[in-house]
Amino acid sequence: MNNSTVAMKVPFHRADLGEEEVRAITDVVRSGWLTMGAKTIEFERQFADYVGAKYAVAVSSCTAALHLSLEATGIRAGDEVLVPTTTFTATAEVVAYFGARPVLIDVDANTLNIDIEHVKHKIGPRTRAIIPVHFGGQPCDLQEIREIADHHHVHVIEDAAHALPSEYQGRRIGTISELTAFSFYATKTLSTGEGGMITTDNEAYARRMQMMRLHGISRDAWKRYSSDGSWHYEVIEAGYKYNFTDLQAALGLVQLAKCDAMHTARCRIASRYTRAFASNSSLEVPEILPDRTTAWHLYVLRLRLEQLRIDRDGLIRKLAEAGICASVHFIPLHLHPFYQNTYGYKPGDLPIAEEQYRRCLSLPIFPGMTDEEADYVIATVSEVTHRFSY
Ligand SMILES: Cc1ncc(COP(=O)(O)O)c(C=O)c1O
């Protein structure tokens, strides 16, 4: 490596935002209507079309999307919901909102998705729902999950925060289970800064979530200050303030139009990484199963620690010294104080997730990443792993 390459900085993520987004936001500002309105409804319509679902309900985050999904299915205190331990806390915290219990499930060592055998072992009379998380974008074993869920009469709510666009057995994620929750958080594959969406084919769920996202007020509450709406409304339930805004929708519509192009760009980087790392015996590259495709929200490398004199944290430090920001997805939930103190989890309870956690790191991957940036990441990871190999 020469000095000019060492000076390169590669962030973990750089948002793919351009003049089109600026123009779209400006138009909304000029229109004088900033919160939820016609743009949000248009974004919902186009998102539903893109995914292939009947309904799409836009909300303030994927966390809100998961919360409203559970609420729509009628979850109550004392119920149990199966959640993989390898996920962000949002997936499980929404269960706790109801006084229900998140039952943490170990993951498959290959895909890091929820482990089917462990689901079978933990499903019981109190189980009301399963929330599979499509880790990094690779879909879970949805066929097997469906069969178990049907057998036990439990709901399936997909956490698709990473999975736009991903496909499972030729079907796009967002069309398969009763309810699917997406995230438009800053680093996600489609970003509106913050935001989320639920897709469903179930009209009753869609109506319920449309009401509950805006204070539990009767239909079309968002129109109450507009000329084609009415000042009159009724409060039907104690709802939430989870609505989307037209400012976000303006970004979302532009981002949705380039979603396929952004996905192609991510696929190109992932292939470049895999071509380079597959022959490095101290590294394990992600494997995508033949009946599914991934959005490549994350590119997760695993270290073969027995072949290295450096651990995962050490490698991340070396990358940081070289100007490259890597990350880790995820610290298993059962290792966090909240899940230990509240539900009695302890280290060792979910050993596969723990073992994979020690070995994994997420490399930068984003649509605007240049070949030079990707090659610099490849060169740096290769150099450090070779230098620290036994
Ligand atoms: C798997 C998973 N689920 C849910 C969320 C929550 O998404 P949001 O920030 O849109 O609420 C995240 C966020 O990173 C996530 O990674």
# chains A, B, ... in the order shown; residues from 1 in each chain; ligands from 1
>>> closest_atom_pairs(of="chain A", to="ligand 1", cutoff="9 Å", atoms="only C-alpha atoms and all ligand atoms", output="JSON lines")
{"residue": "A:Ser60", "atom": "CA", "partner": "ligand 1", "partner_atom_place_in_ligand_line": "10 (O)", "distance": 7.5}
{"residue": "A:Ser61", "atom": "CA", "partner": "ligand 1", "partner_atom_place_in_ligand_line": "10 (O)", "distance": 3.9}
{"residue": "A:Cys62", "atom": "CA", "partner": "ligand 1", "partner_atom_place_in_ligand_line": "10 (O)", "distance": 3.7}
{"residue": "A:Thr63", "atom": "CA", "partner": "ligand 1", "partner_atom_place_in_ligand_line": "11 (O)", "distance": 3.7}
{"residue": "A:Ala64", "atom": "CA", "partner": "ligand 1", "partner_atom_place_in_ligand_line": "11 (O)", "distance": 6.5}
{"residue": "A:Ala65", "atom": "CA", "partner": "ligand 1", "partner_atom_place_in_ligand_line": "11 (O)", "distance": 7.8}
{"residue": "A:Leu66", "atom": "CA", "partner": "ligand 1", "partner_atom_place_in_ligand_line": "4 (C)", "distance": 7.9}
{"residue": "A:Thr86", "atom": "CA", "partner": "ligand 1", "partner_atom_place_in_ligand_line": "1 (C)", "distance": 8.5}
{"residue": "A:Thr87", "atom": "CA", "partner": "ligand 1", "partner_atom_place_in_ligand_line": "1 (C)", "distance": 5.1}
{"residue": "A:Phe88", "atom": "CA", "partner": "ligand 1", "partner_atom_place_in_ligand_line": "15 (C)", "distance": 4.9}
{"residue": "A:Thr89", "atom": "CA", "partner": "ligand 1", "partner_atom_place_in_ligand_line": "4 (C)", "distance": 7.4}
{"residue": "A:Ala90", "atom": "CA", "partner": "ligand 1", "partner_atom_place_in_ligand_line": "4 (C)", "distance": 5.0}
{"residue": "A:Thr91", "atom": "CA", "partner": "ligand 1", "partner_atom_place_in_ligand_line": "3 (N)", "distance": 5.2}
{"residue": "A:Ala92", "atom": "CA", "partner": "ligand 1", "partner_atom_place_in_ligand_line": "3 (N)", "distance": 8.8}
{"residue": "A:Val133", "atom": "CA", "partner": "ligand 1", "partner_atom_place_in_ligand_line": "1 (C)", "distance": 5.9}
{"residue": "A:His134", "atom": "CA", "partner": "ligand 1", "partner_atom_place_in_ligand_line": "1 (C)", "distance": 7.3}
{"residue": "A:Phe135", "atom": "CA", "partner": "ligand 1", "partner_atom_place_in_ligand_line": "1 (C)", "distance": 6.7}
{"residue": "A:Gly136", "atom": "CA", "partner": "ligand 1", "partner_atom_place_in_ligand_line": "1 (C)", "distance": 8.1}
{"residue": "A:Asp159", "atom": "CA", "partner": "ligand 1", "partner_atom_place_in_ligand_line": "3 (N)", "distance": 5.8}
{"residue": "A:Ala160", "atom": "CA", "partner": "ligand 1", "partner_atom_place_in_ligand_line": "1 (C)", "distance": 7.0}
{"residue": "A:Ala161", "atom": "CA", "partner": "ligand 1", "partner_atom_place_in_ligand_line": "2 (C)", "distance": 4.9}
{"residue": "A:His162", "atom": "CA", "partner": "ligand 1", "partner_atom_place_in_ligand_line": "1 (C)", "distance": 6.4}
{"residue": "A:Ala181", "atom": "CA", "partner": "ligand 1", "partner_atom_place_in_ligand_line": "4 (C)", "distance": 8.2}
{"residue": "A:Phe182", "atom": "CA", "partner": "ligand 1", "partner_atom_place_in_ligand_line": "10 (O)", "distance": 7.2}
{"residue": "A:Ser183", "atom": "CA", "partner": "ligand 1", "partner_atom_place_in_ligand_line": "10 (O)", "distance": 4.1}
{"residue": "A:Phe184", "atom": "CA", "partner": "ligand 1", "partner_atom_place_in_ligand_line": "10 (O)", "distance": 5.7}
{"residue": "A:Tyr185", "atom": "CA", "partner": "ligand 1", "partner_atom_place_in_ligand_line": "10 (O)", "distance": 4.8}
{"residue": "A:Ala186", "atom": "CA", "partner": "ligand 1", "partner_atom_place_in_ligand_line": "9 (O)", "distance": 8.2}
{"residue": "A:Thr187", "atom": "CA", "partner": "ligand 1", "partner_atom_place_in_ligand_line": "14 (O)", "distance": 8.1}
{"residue": "A:Lys188", "atom": "CA", "partner": "ligand 1", "partner_atom_place_in_ligand_line": "14 (O)", "distance": 7.8}
{"residue": "A:Glu194", "atom": "CA", "partner": "ligand 1", "partner_atom_place_in_ligand_line": "10 (O)", "distance": 6.1}
{"residue": "A:Gly195", "atom": "CA", "partner": "ligand 1", "partner_atom_place_in_ligand_line": "10 (O)", "distance": 5.6}
{"residue": "A:Gly196", "atom": "CA", "partner": "ligand 1", "partner_atom_place_in_ligand_line": "10 (O)", "distance": 5.5}
{"residue": "A:Met197", "atom": "CA", "partner": "ligand 1", "partner_atom_place_in_ligand_line": "10 (O)", "distance": 8.9}
{"residue": "A:His329", "atom": "CA", "partner": "ligand 1", "partner_atom_place_in_ligand_line": "16 (O)", "distance": 8.2}
{"residue": "A:Phe330", "atom": "CA", "partner": "ligand 1", "partner_atom_place_in_ligand_line": "16 (O)", "distance": 8.6}
>>> write_last_selection(atoms="C-alpha atoms", output="PDB file, in the first residue's frame")
ATOM      1  CA  SER A  60     -42.317   6.734  11.193  1.00  0.00           C
ATOM      2  CA  SER A  61     -39.922   3.747  11.519  1.00  0.00           C
ATOM      3  CA  CYS A  62     -39.618  -0.001  11.157  1.00  0.00           C
ATOM      4  CA  THR A  63     -39.924  -0.172  14.935  1.00  0.00           C
ATOM      5  CA  ALA A  64     -43.345   1.487  14.630  1.00  0.00           C
ATOM      6  CA  ALA A  65     -44.161  -0.900  11.761  1.00  0.00           C
ATOM      7  CA  LEU A  66     -43.386  -3.927  13.950  1.00  0.00           C
ATOM      8  CA  THR A  86     -29.137 -11.994  16.264  1.00  0.00           C
ATOM      9  CA  THR A  87     -31.046  -8.819  15.513  1.00  0.00           C
ATOM     10  CA  PHE A  88     -31.402  -5.192  16.489  1.00  0.00           C
ATOM     11  CA  THR A  89     -33.247  -4.606  19.749  1.00  0.00           C
ATOM     12  CA  ALA A  90     -36.230  -3.081  17.872  1.00  0.00           C
ATOM     13  CA  THR A  91     -37.402  -6.559  16.801  1.00  0.00           C
ATOM     14  CA  ALA A  92     -37.831  -7.693  20.402  1.00  0.00           C
ATOM     15  CA  VAL A 133     -35.518 -11.287  10.543  1.00  0.00           C
ATOM     16  CA  HIS A 134     -33.997 -11.472   7.068  1.00  0.00           C
ATOM     17  CA  PHE A 135     -30.451 -10.972   8.298  1.00  0.00           C
ATOM     18  CA  GLY A 136     -28.424  -8.698   6.029  1.00  0.00           C
ATOM     19  CA  ASP A 159     -38.812  -8.043   9.970  1.00  0.00           C
ATOM     20  CA  ALA A 160     -37.648  -6.986   6.507  1.00  0.00           C
ATOM     21  CA  ALA A 161     -35.628  -3.976   7.690  1.00  0.00           C
ATOM     22  CA  HIS A 162     -32.733  -5.330   5.572  1.00  0.00           C
ATOM     23  CA  ALA A 181     -42.141  -4.475   8.149  1.00  0.00           C
ATOM     24  CA  PHE A 182     -39.538  -2.434   6.226  1.00  0.00           C
ATOM     25  CA  SER A 183     -37.121   0.278   7.384  1.00  0.00           C
ATOM     26  CA  PHE A 184     -36.117   3.487   5.612  1.00  0.00           C
ATOM     27  CA  TYR A 185     -33.556   4.432   8.263  1.00  0.00           C
ATOM     28  CA  ALA A 186     -30.516   6.422   7.088  1.00  0.00           C
ATOM     29  CA  THR A 187     -28.312   3.403   6.252  1.00  0.00           C
ATOM     30  CA  LYS A 188     -30.993   1.194   4.710  1.00  0.00           C
ATOM     31  CA  GLU A 194     -36.201   7.771   9.231  1.00  0.00           C
ATOM     32  CA  GLY A 195     -39.284   5.845   8.195  1.00  0.00           C
ATOM     33  CA  GLY A 196     -40.906   2.479   7.791  1.00  0.00           C
ATOM     34  CA  MET A 197     -43.607   0.613   5.909  1.00  0.00           C
ATOM     35  CA  HIS A 329     -24.272  -6.947  13.302  1.00  0.00           C
ATOM     36  CA  PHE A 330     -25.407  -7.800  15.877  1.00  0.00           C
TER      37      PHE A 330
END
>>> select_by_dssp(residues="stretch 18-126 of chain A", states="alpha helix (DSSP H)", output="PyMOL selection string")
chain A and resi 19-31+38-51+62-72+90-97+116-122
>>> residues_around(residues="A:Phe43", least_positions_apart="6", cutoff="12 Å", atoms="only C-alpha atoms", output="tab-separated table (two decimals) with all heavy atoms, in the first residue's frame")
chain	number	residue	atom	x	y	z
A	36	MET	N	-47.97	14.27	6.67
A	36	MET	CA	-48.60	13.25	5.84
A	36	MET	C	-49.68	13.87	4.94
A	36	MET	O	-50.51	14.66	5.41
A	36	MET	CB	-49.23	12.20	6.75
A	36	MET	CG	-49.88	11.10	5.96
A	36	MET	SD	-50.38	9.77	7.05
A	36	MET	CE	-51.36	8.86	5.90
A	37	GLY	N	-49.66	13.50	3.67
A	37	GLY	CA	-50.63	14.02	2.73
A	37	GLY	C	-50.58	13.22	1.43
A	37	GLY	O	-50.24	12.03	1.45
A	49	ASP	N	-47.05	-1.45	-5.15
A	49	ASP	CA	-46.87	-1.95	-6.52
A	49	ASP	C	-45.49	-2.58	-6.70
A	49	ASP	O	-45.36	-3.64	-7.29
A	49	ASP	CB	-46.96	-0.79	-7.54
A	49	ASP	CG	-48.40	-0.47	-7.88
A	49	ASP	OD1	-49.29	-1.15	-7.34
A	49	ASP	OD2	-48.59	0.48	-8.67
A	50	TYR	N	-44.49	-1.89	-6.20
A	50	TYR	CA	-43.10	-2.36	-6.38
A	50	TYR	C	-42.91	-3.73	-5.74
A	50	TYR	O	-42.32	-4.63	-6.32
A	50	TYR	CB	-42.13	-1.34	-5.76
A	50	TYR	CG	-40.68	-1.75	-5.87
A	50	TYR	CD1	-39.99	-1.63	-7.07
A	50	TYR	CD2	-40.00	-2.28	-4.77
A	50	TYR	CE1	-38.67	-2.02	-7.18
A	50	TYR	CE2	-38.68	-2.67	-4.87
A	50	TYR	CZ	-38.02	-2.54	-6.08
A	50	TYR	OH	-36.72	-2.94	-6.19
A	55	TYR	N	-51.64	-3.77	0.10
A	55	TYR	CA	-51.61	-2.55	0.92
A	55	TYR	C	-50.20	-2.27	1.42
A	55	TYR	O	-49.47	-3.19	1.75
A	55	TYR	CB	-52.52	-2.69	2.15
A	55	TYR	CG	-53.94	-3.05	1.80
A	55	TYR	CD1	-54.36	-4.38	1.84
A	55	TYR	CD2	-54.84	-2.07	1.40
A	55	TYR	CE1	-55.66	-4.72	1.50
A	55	TYR	CE2	-56.14	-2.40	1.05
A	55	TYR	CZ	-56.54	-3.73	1.10
A	55	TYR	OH	-57.82	-4.06	0.75
A	56	ALA	N	-49.88	-0.98	1.49
A	56	ALA	CA	-48.65	-0.54	2.13
A	56	ALA	C	-49.03	0.62	3.04
A	56	ALA	O	-49.72	1.54	2.62
A	56	ALA	CB	-47.63	-0.10	1.09
A	57	VAL	N	-48.60	0.54	4.29
A	57	VAL	CA	-48.94	1.58	5.28
A	57	VAL	C	-47.63	2.21	5.75
A	57	VAL	O	-46.78	1.54	6.36
A	57	VAL	CB	-49.72	0.96	6.47
A	57	VAL	CG1	-50.05	2.03	7.50
A	57	VAL	CG2	-50.97	0.25	5.99
A	58	ALA	N	-47.47	3.49	5.46
A	58	ALA	CA	-46.21	4.19	5.79
A	58	ALA	C	-46.26	4.69	7.23
A	58	ALA	O	-47.26	5.26	7.66
A	58	ALA	CB	-45.99	5.36	4.84
A	59	VAL	N	-45.16	4.49	7.93
A	59	VAL	CA	-45.07	4.90	9.34
A	59	VAL	C	-43.69	5.52	9.62
A	59	VAL	O	-42.85	5.58	8.73
A	59	VAL	CB	-45.34	3.71	10.30
A	59	VAL	CG1	-46.79	3.31	10.27
A	59	VAL	CG2	-44.45	2.53	9.97
A	192	THR	N	-35.28	7.33	3.78
A	192	THR	CA	-35.96	8.63	3.89
A	192	THR	C	-35.48	9.32	5.19
A	192	THR	O	-36.20	10.12	5.76
A	192	THR	CB	-37.49	8.45	3.91
A	192	THR	OG1	-37.87	7.62	5.02
A	192	THR	CG2	-38.00	7.79	2.64
A	195	GLY	N	-38.02	6.23	8.83
A	195	GLY	CA	-39.28	5.85	8.20
A	195	GLY	C	-39.43	4.34	8.14
A	195	GLY	O	-38.46	3.60	8.33
A	196	GLY	N	-40.64	3.91	7.90
A	196	GLY	CA	-40.91	2.48	7.79
A	196	GLY	C	-42.18	2.23	7.01
A	196	GLY	O	-42.92	3.18	6.70
A	197	MET	N	-42.42	0.98	6.69
A	197	MET	CA	-43.61	0.61	5.91
A	197	MET	C	-44.02	-0.79	6.32
A	197	MET	O	-43.17	-1.65	6.59
A	197	MET	CB	-43.25	0.63	4.41
A	197	MET	CG	-44.42	0.44	3.47
A	197	MET	SD	-45.41	1.94	3.30
A	197	MET	CE	-44.53	2.83	2.03
A	244	PHE	N	-46.09	8.99	8.78
A	244	PHE	CA	-45.03	9.38	7.86
A	244	PHE	C	-45.27	10.85	7.50
A	244	PHE	O	-46.29	11.43	7.90
A	244	PHE	CB	-45.19	8.51	6.61
A	244	PHE	CG	-43.95	8.25	5.80
A	244	PHE	CD1	-42.86	7.61	6.35
A	244	PHE	CD2	-43.91	8.60	4.46
A	244	PHE	CE1	-41.73	7.33	5.58
A	244	PHE	CE2	-42.81	8.32	3.68
A	244	PHE	CZ	-41.72	7.69	4.24
A	245	THR	N	-44.34	11.48	6.76
A	245	THR	CA	-44.56	12.86	6.33
A	245	THR	C	-44.34	12.95	4.81
A	245	THR	O	-43.64	12.12	4.23
A	245	THR	CB	-43.59	13.84	7.02
A	245	THR	OG1	-42.28	13.63	6.47
A	245	THR	CG2	-43.57	13.66	8.52
A	246	ASP	N	-44.89	14.00	4.21
A	246	ASP	CA	-44.69	14.19	2.77
A	246	ASP	C	-43.24	14.55	2.44
A	246	ASP	O	-42.78	14.28	1.32
A	246	ASP	CB	-45.65	15.26	2.23
A	246	ASP	CG	-47.01	14.65	1.88
A	246	ASP	OD1	-47.26	13.48	2.27
A	246	ASP	OD2	-47.82	15.32	1.21
A	247	LEU	N	-42.52	15.13	3.39
A	247	LEU	CA	-41.09	15.38	3.15
A	247	LEU	C	-40.37	14.05	2.96
A	247	LEU	O	-39.55	13.89	2.05
A	247	LEU	CB	-40.48	16.13	4.34
A	247	LEU	CG	-40.74	17.64	4.39
A	247	LEU	CD1	-40.35	18.20	5.74
A	247	LEU	CD2	-39.99	18.35	3.26
A	248	GLN	N	-40.69	13.08	3.84
A	248	GLN	CA	-40.07	11.75	3.71
A	248	GLN	C	-40.54	11.07	2.43
A	248	GLN	O	-39.76	10.43	1.73
A	248	GLN	CB	-40.45	10.88	4.91
A	248	GLN	CG	-39.84	11.33	6.22
A	248	GLN	CD	-40.53	10.66	7.40
A	248	GLN	OE1	-41.73	10.80	7.60
A	248	GLN	NE2	-39.77	9.92	8.18
A	249	ALA	N	-41.84	11.23	2.13
A	249	ALA	CA	-42.39	10.57	0.95
A	249	ALA	C	-41.74	11.09	-0.34
A	249	ALA	O	-41.53	10.32	-1.28
A	249	ALA	CB	-43.90	10.77	0.89
A	250	ALA	N	-41.41	12.38	-0.35
A	250	ALA	CA	-40.75	12.95	-1.54
A	250	ALA	C	-39.42	12.25	-1.77
A	250	ALA	O	-39.09	11.86	-2.89
A	250	ALA	CB	-40.55	14.45	-1.33
A	251	LEU	N	-38.66	12.05	-0.68
A	251	LEU	CA	-37.40	11.29	-0.79
A	251	LEU	C	-37.68	9.86	-1.21
A	251	LEU	O	-37.01	9.30	-2.07
A	251	LEU	CB	-36.67	11.27	0.55
A	251	LEU	CG	-36.01	12.55	1.04
A	251	LEU	CD1	-35.38	12.31	2.41
A	251	LEU	CD2	-34.93	12.97	0.05
A	252	GLY	N	-38.69	9.27	-0.58
A	252	GLY	CA	-39.00	7.86	-0.82
A	252	GLY	C	-39.37	7.59	-2.27
A	252	GLY	O	-38.94	6.57	-2.84
A	253	LEU	N	-40.12	8.50	-2.88
A	253	LEU	CA	-40.55	8.28	-4.28
A	253	LEU	C	-39.33	8.30	-5.21
A	253	LEU	O	-39.24	7.47	-6.12
A	253	LEU	CB	-41.56	9.36	-4.68
A	253	LEU	CG	-42.97	9.13	-4.13
A	253	LEU	CD1	-43.82	10.41	-4.21
A	253	LEU	CD2	-43.67	8.00	-4.89
A	254	VAL	N	-38.40	9.21	-4.96
A	254	VAL	CA	-37.19	9.25	-5.81
A	254	VAL	C	-36.35	8.01	-5.56
A	254	VAL	O	-35.87	7.36	-6.50
A	254	VAL	CB	-36.37	10.54	-5.53
A	254	VAL	CG1	-35.09	10.54	-6.35
A	254	VAL	CG2	-37.18	11.78	-5.81
A	255	GLN	N	-36.20	7.65	-4.29
A	255	GLN	CA	-35.38	6.47	-3.95
A	255	GLN	C	-35.99	5.18	-4.50
A	255	GLN	O	-35.28	4.30	-4.95
A	255	GLN	CB	-35.24	6.37	-2.42
A	255	GLN	CG	-34.43	7.49	-1.81
A	255	GLN	CD	-32.99	7.07	-1.56
A	255	GLN	OE1	-32.75	6.15	-0.80
A	255	GLN	NE2	-32.06	7.73	-2.20
A	256	LEU	N	-37.32	5.11	-4.47
A	256	LEU	CA	-37.98	3.89	-4.97
A	256	LEU	C	-37.73	3.73	-6.47
A	256	LEU	O	-37.50	2.62	-6.95
A	256	LEU	CB	-39.49	3.98	-4.68
A	256	LEU	CG	-40.30	2.70	-4.89
A	256	LEU	CD1	-39.82	1.58	-3.98
A	256	LEU	CD2	-41.79	2.97	-4.66
A	257	ALA	N	-37.75	4.86	-7.18
A	257	ALA	CA	-37.53	4.81	-8.64
A	257	ALA	C	-36.12	4.29	-8.96
A	257	ALA	O	-35.89	3.75	-10.03
A	257	ALA	CB	-37.75	6.18	-9.25
>>> residues_around(residues="A:Glu167", least_positions_apart="4", cutoff="9 Å", atoms="only C-alpha atoms", output="ChimeraX atom specification")
/A:138-139,163,171-173,291-295
>>> write_last_selection(atoms="N, CA, C and O atoms", output="tab-separated table (two decimals), in the first residue's frame")
chain	number	residue	atom	x	y	z
A	138	GLN	N	-30.80	-11.52	3.36
A	138	GLN	CA	-31.10	-12.88	2.88
A	138	GLN	C	-32.37	-13.41	3.56
A	138	GLN	O	-32.42	-13.51	4.80
A	139	PRO	N	-33.39	-13.76	2.79
A	139	PRO	CA	-34.63	-14.23	3.40
A	139	PRO	C	-34.45	-15.48	4.27
A	139	PRO	O	-33.62	-16.35	3.99
A	163	ALA	N	-34.35	-6.10	3.90
A	163	ALA	CA	-34.67	-6.98	2.76
A	163	ALA	C	-35.46	-6.30	1.64
A	163	ALA	O	-36.37	-6.89	1.07
A	171	ARG	N	-40.54	-15.10	-5.08
A	171	ARG	CA	-41.50	-14.08	-4.62
A	171	ARG	C	-40.79	-13.00	-3.84
A	171	ARG	O	-39.91	-13.29	-3.02
A	172	ARG	N	-41.21	-11.76	-4.08
A	172	ARG	CA	-40.55	-10.66	-3.40
A	172	ARG	C	-40.95	-10.62	-1.91
A	172	ARG	O	-42.11	-10.86	-1.57
A	173	ILE	N	-39.97	-10.32	-1.08
A	173	ILE	CA	-40.26	-10.12	0.34
A	173	ILE	C	-41.23	-8.93	0.46
A	173	ILE	O	-41.02	-7.88	-0.15
A	291	ASP	N	-32.34	-20.70	-3.55
A	291	ASP	CA	-33.75	-20.34	-3.81
A	291	ASP	C	-34.11	-18.94	-3.32
A	291	ASP	O	-35.28	-18.62	-3.16
A	292	ARG	N	-33.09	-18.11	-3.08
A	292	ARG	CA	-33.39	-16.75	-2.60
A	292	ARG	C	-32.35	-15.74	-3.06
A	292	ARG	O	-31.24	-16.12	-3.43
A	293	THR	N	-32.74	-14.47	-3.06
A	293	THR	CA	-31.77	-13.41	-3.39
A	293	THR	C	-31.74	-12.44	-2.22
A	293	THR	O	-32.68	-12.36	-1.43
A	294	THR	N	-30.66	-11.68	-2.13
A	294	THR	CA	-30.52	-10.75	-1.01
A	294	THR	C	-30.42	-9.31	-1.50
A	294	THR	O	-29.91	-9.05	-2.59
A	295	ALA	N	-30.91	-8.41	-0.66
A	295	ALA	CA	-30.79	-6.97	-0.94
A	295	ALA	C	-29.37	-6.48	-0.72
A	295	ALA	O	-29.03	-5.37	-1.09
>>> select_by_dssp(residues="stretch 130-308 of chain A", states="strand (DSSP E)", output="list in words")
Ile130, His155, Val156, Ile157, Glu158, Asp159, Glu167, Tyr168, Arg171, Arg172, Leu179, Thr180, Ala181, Phe182, Ser183, Gly196, Met197, Ile198, Thr199, Thr200, Leu283, Glu284, Arg292, Thr293, Tyr299, Val300, Leu301, Arg302 and Leu303 of chain A
>>> residues_around(residues="stretch 146-153 of chain A", least_positions_apart="5", cutoff="10 Å", atoms="only C-alpha atoms", output="MDAnalysis selection string")
chainID A and resid 116 119:120 123:125 127:130 141 176:177
>>> residues_around(residues="A:Ile114", least_positions_apart="2", cutoff="7 Å", atoms="only C-alpha atoms", output="number ranges by chain")
A: 84, 105-108, 112, 116, 132, 140
>>> write_last_selection(atoms="N, CA and C atoms", output="compact mmCIF listing (two decimals), in the first residue's frame")
# COMPACT_ATOMS: atom_id res chain seq x y z
N PRO A 84 -35.36 -13.96 16.72
CA PRO A 84 -33.96 -14.41 16.73
C PRO A 84 -33.14 -13.51 17.66
N ILE A 105 -34.39 -16.84 20.08
CA ILE A 105 -34.11 -18.09 19.37
C ILE A 105 -32.72 -18.00 18.77
N ASP A 106 -32.01 -19.13 18.78
CA ASP A 106 -30.67 -19.18 18.20
C ASP A 106 -30.76 -19.10 16.67
N VAL A 107 -29.61 -18.91 16.04
CA VAL A 107 -29.62 -18.70 14.59
C VAL A 107 -28.87 -19.81 13.88
N ASP A 108 -29.13 -19.91 12.59
CA ASP A 108 -28.43 -20.84 11.73
C ASP A 108 -27.00 -20.32 11.52
N LEU A 112 -27.21 -16.95 9.55
CA LEU A 112 -27.48 -16.10 10.71
C LEU A 112 -28.96 -15.73 10.83
N ILE A 116 -34.60 -22.98 12.48
CA ILE A 116 -35.91 -23.63 12.42
C ILE A 116 -36.08 -24.69 13.52
N PRO A 132 -39.49 -13.51 12.08
CA PRO A 132 -38.22 -13.82 11.43
C PRO A 132 -37.58 -12.54 10.90
N CYS A 140 -35.27 -15.54 5.31
CA CYS A 140 -35.31 -16.72 6.19
C CYS A 140 -36.00 -17.87 5.47
>>> closest_residue(among="A:Gly52, A:Gly74, A:Gly229, A:Gly368", to="A:Cys267", atoms="only C-alpha atoms")
A:Gly368
>>> closest_residue(among="A:Arg317, A:Arg101, A:Arg266, A:Lys223", to="A:Tyr343", atoms="only C-alpha atoms")
A:Arg101
>>> residues_around(residues="A:Ser389", least_positions_apart="2", cutoff="12 Å", atoms="only C-alpha atoms", output="PyMOL selection string")
chain A and resi 280-283+303-311+315+381-387
>>> write_last_selection(atoms="N, CA and C atoms", output="short mmCIF file (atom, residue, chain, number, x, y, z; two decimals), in the first residue's frame")
data_model
loop_
_atom_site.label_atom_id
_atom_site.label_comp_id
_atom_site.auth_asym_id
_atom_site.auth_seq_id
_atom_site.Cartn_x
_atom_site.Cartn_y
_atom_site.Cartn_z
N ASN A 280 -9.29 -16.66 0.44
CA ASN A 280 -8.52 -16.33 1.66
C ASN A 280 -8.94 -17.32 2.76
N SER A 281 -8.03 -18.22 3.12
CA SER A 281 -8.43 -19.32 4.00
C SER A 281 -8.78 -18.86 5.42
N SER A 282 -8.43 -17.63 5.78
CA SER A 282 -8.80 -17.17 7.12
C SER A 282 -10.15 -16.46 7.15
N LEU A 283 -10.81 -16.41 6.00
CA LEU A 283 -12.10 -15.71 5.91
C LEU A 283 -13.20 -16.63 5.39
N LEU A 303 -14.53 -14.47 10.39
CA LEU A 303 -13.10 -14.80 10.52
C LEU A 303 -12.95 -16.24 10.98
N ARG A 304 -11.99 -16.95 10.41
CA ARG A 304 -11.64 -18.27 10.95
C ARG A 304 -10.57 -18.00 12.02
N LEU A 305 -11.08 -17.81 13.24
CA LEU A 305 -10.21 -17.29 14.30
C LEU A 305 -9.04 -18.21 14.61
N GLU A 306 -9.23 -19.54 14.40
CA GLU A 306 -8.16 -20.50 14.70
C GLU A 306 -6.97 -20.31 13.76
N GLN A 307 -7.18 -19.62 12.66
CA GLN A 307 -6.09 -19.41 11.70
C GLN A 307 -5.44 -18.03 11.84
N LEU A 308 -5.94 -17.25 12.81
CA LEU A 308 -5.49 -15.86 12.90
C LEU A 308 -4.91 -15.51 14.27
N ARG A 309 -3.95 -14.62 14.27
CA ARG A 309 -3.40 -14.12 15.52
C ARG A 309 -4.01 -12.76 15.85
N ILE A 310 -5.13 -12.46 15.22
CA ILE A 310 -5.84 -11.21 15.50
C ILE A 310 -7.31 -11.56 15.64
N ASP A 311 -8.00 -10.89 16.56
CA ASP A 311 -9.43 -11.21 16.68
C ASP A 311 -10.25 -10.19 15.88
N LEU A 315 -9.09 -6.64 14.13
CA LEU A 315 -9.18 -6.36 12.69
C LEU A 315 -9.94 -5.06 12.44
N VAL A 381 -8.09 -5.53 4.06
CA VAL A 381 -8.49 -6.75 4.78
C VAL A 381 -7.51 -7.88 4.43
N SER A 382 -7.15 -7.99 3.17
CA SER A 382 -6.25 -9.08 2.74
C SER A 382 -4.88 -8.91 3.38
N GLU A 383 -4.39 -7.69 3.36
CA GLU A 383 -3.06 -7.45 3.93
C GLU A 383 -3.04 -7.79 5.43
N VAL A 384 -4.04 -7.32 6.16
CA VAL A 384 -4.04 -7.53 7.62
C VAL A 384 -4.22 -9.02 7.93
N THR A 385 -5.14 -9.68 7.24
CA THR A 385 -5.37 -11.11 7.56
C THR A 385 -4.15 -11.95 7.18
N HIS A 386 -3.46 -11.59 6.10
CA HIS A 386 -2.24 -12.35 5.76
C HIS A 386 -1.14 -12.10 6.79
N ARG A 387 -1.02 -10.85 7.19
CA ARG A 387 0.03 -10.48 8.16
C ARG A 387 -0.21 -11.19 9.49
#
>>> closest_residue(among="A:Leu104, A:Ala221, A:Ala38, A:Val285", to="A:Tyr233", atoms="only C-alpha atoms")
A:Ala221
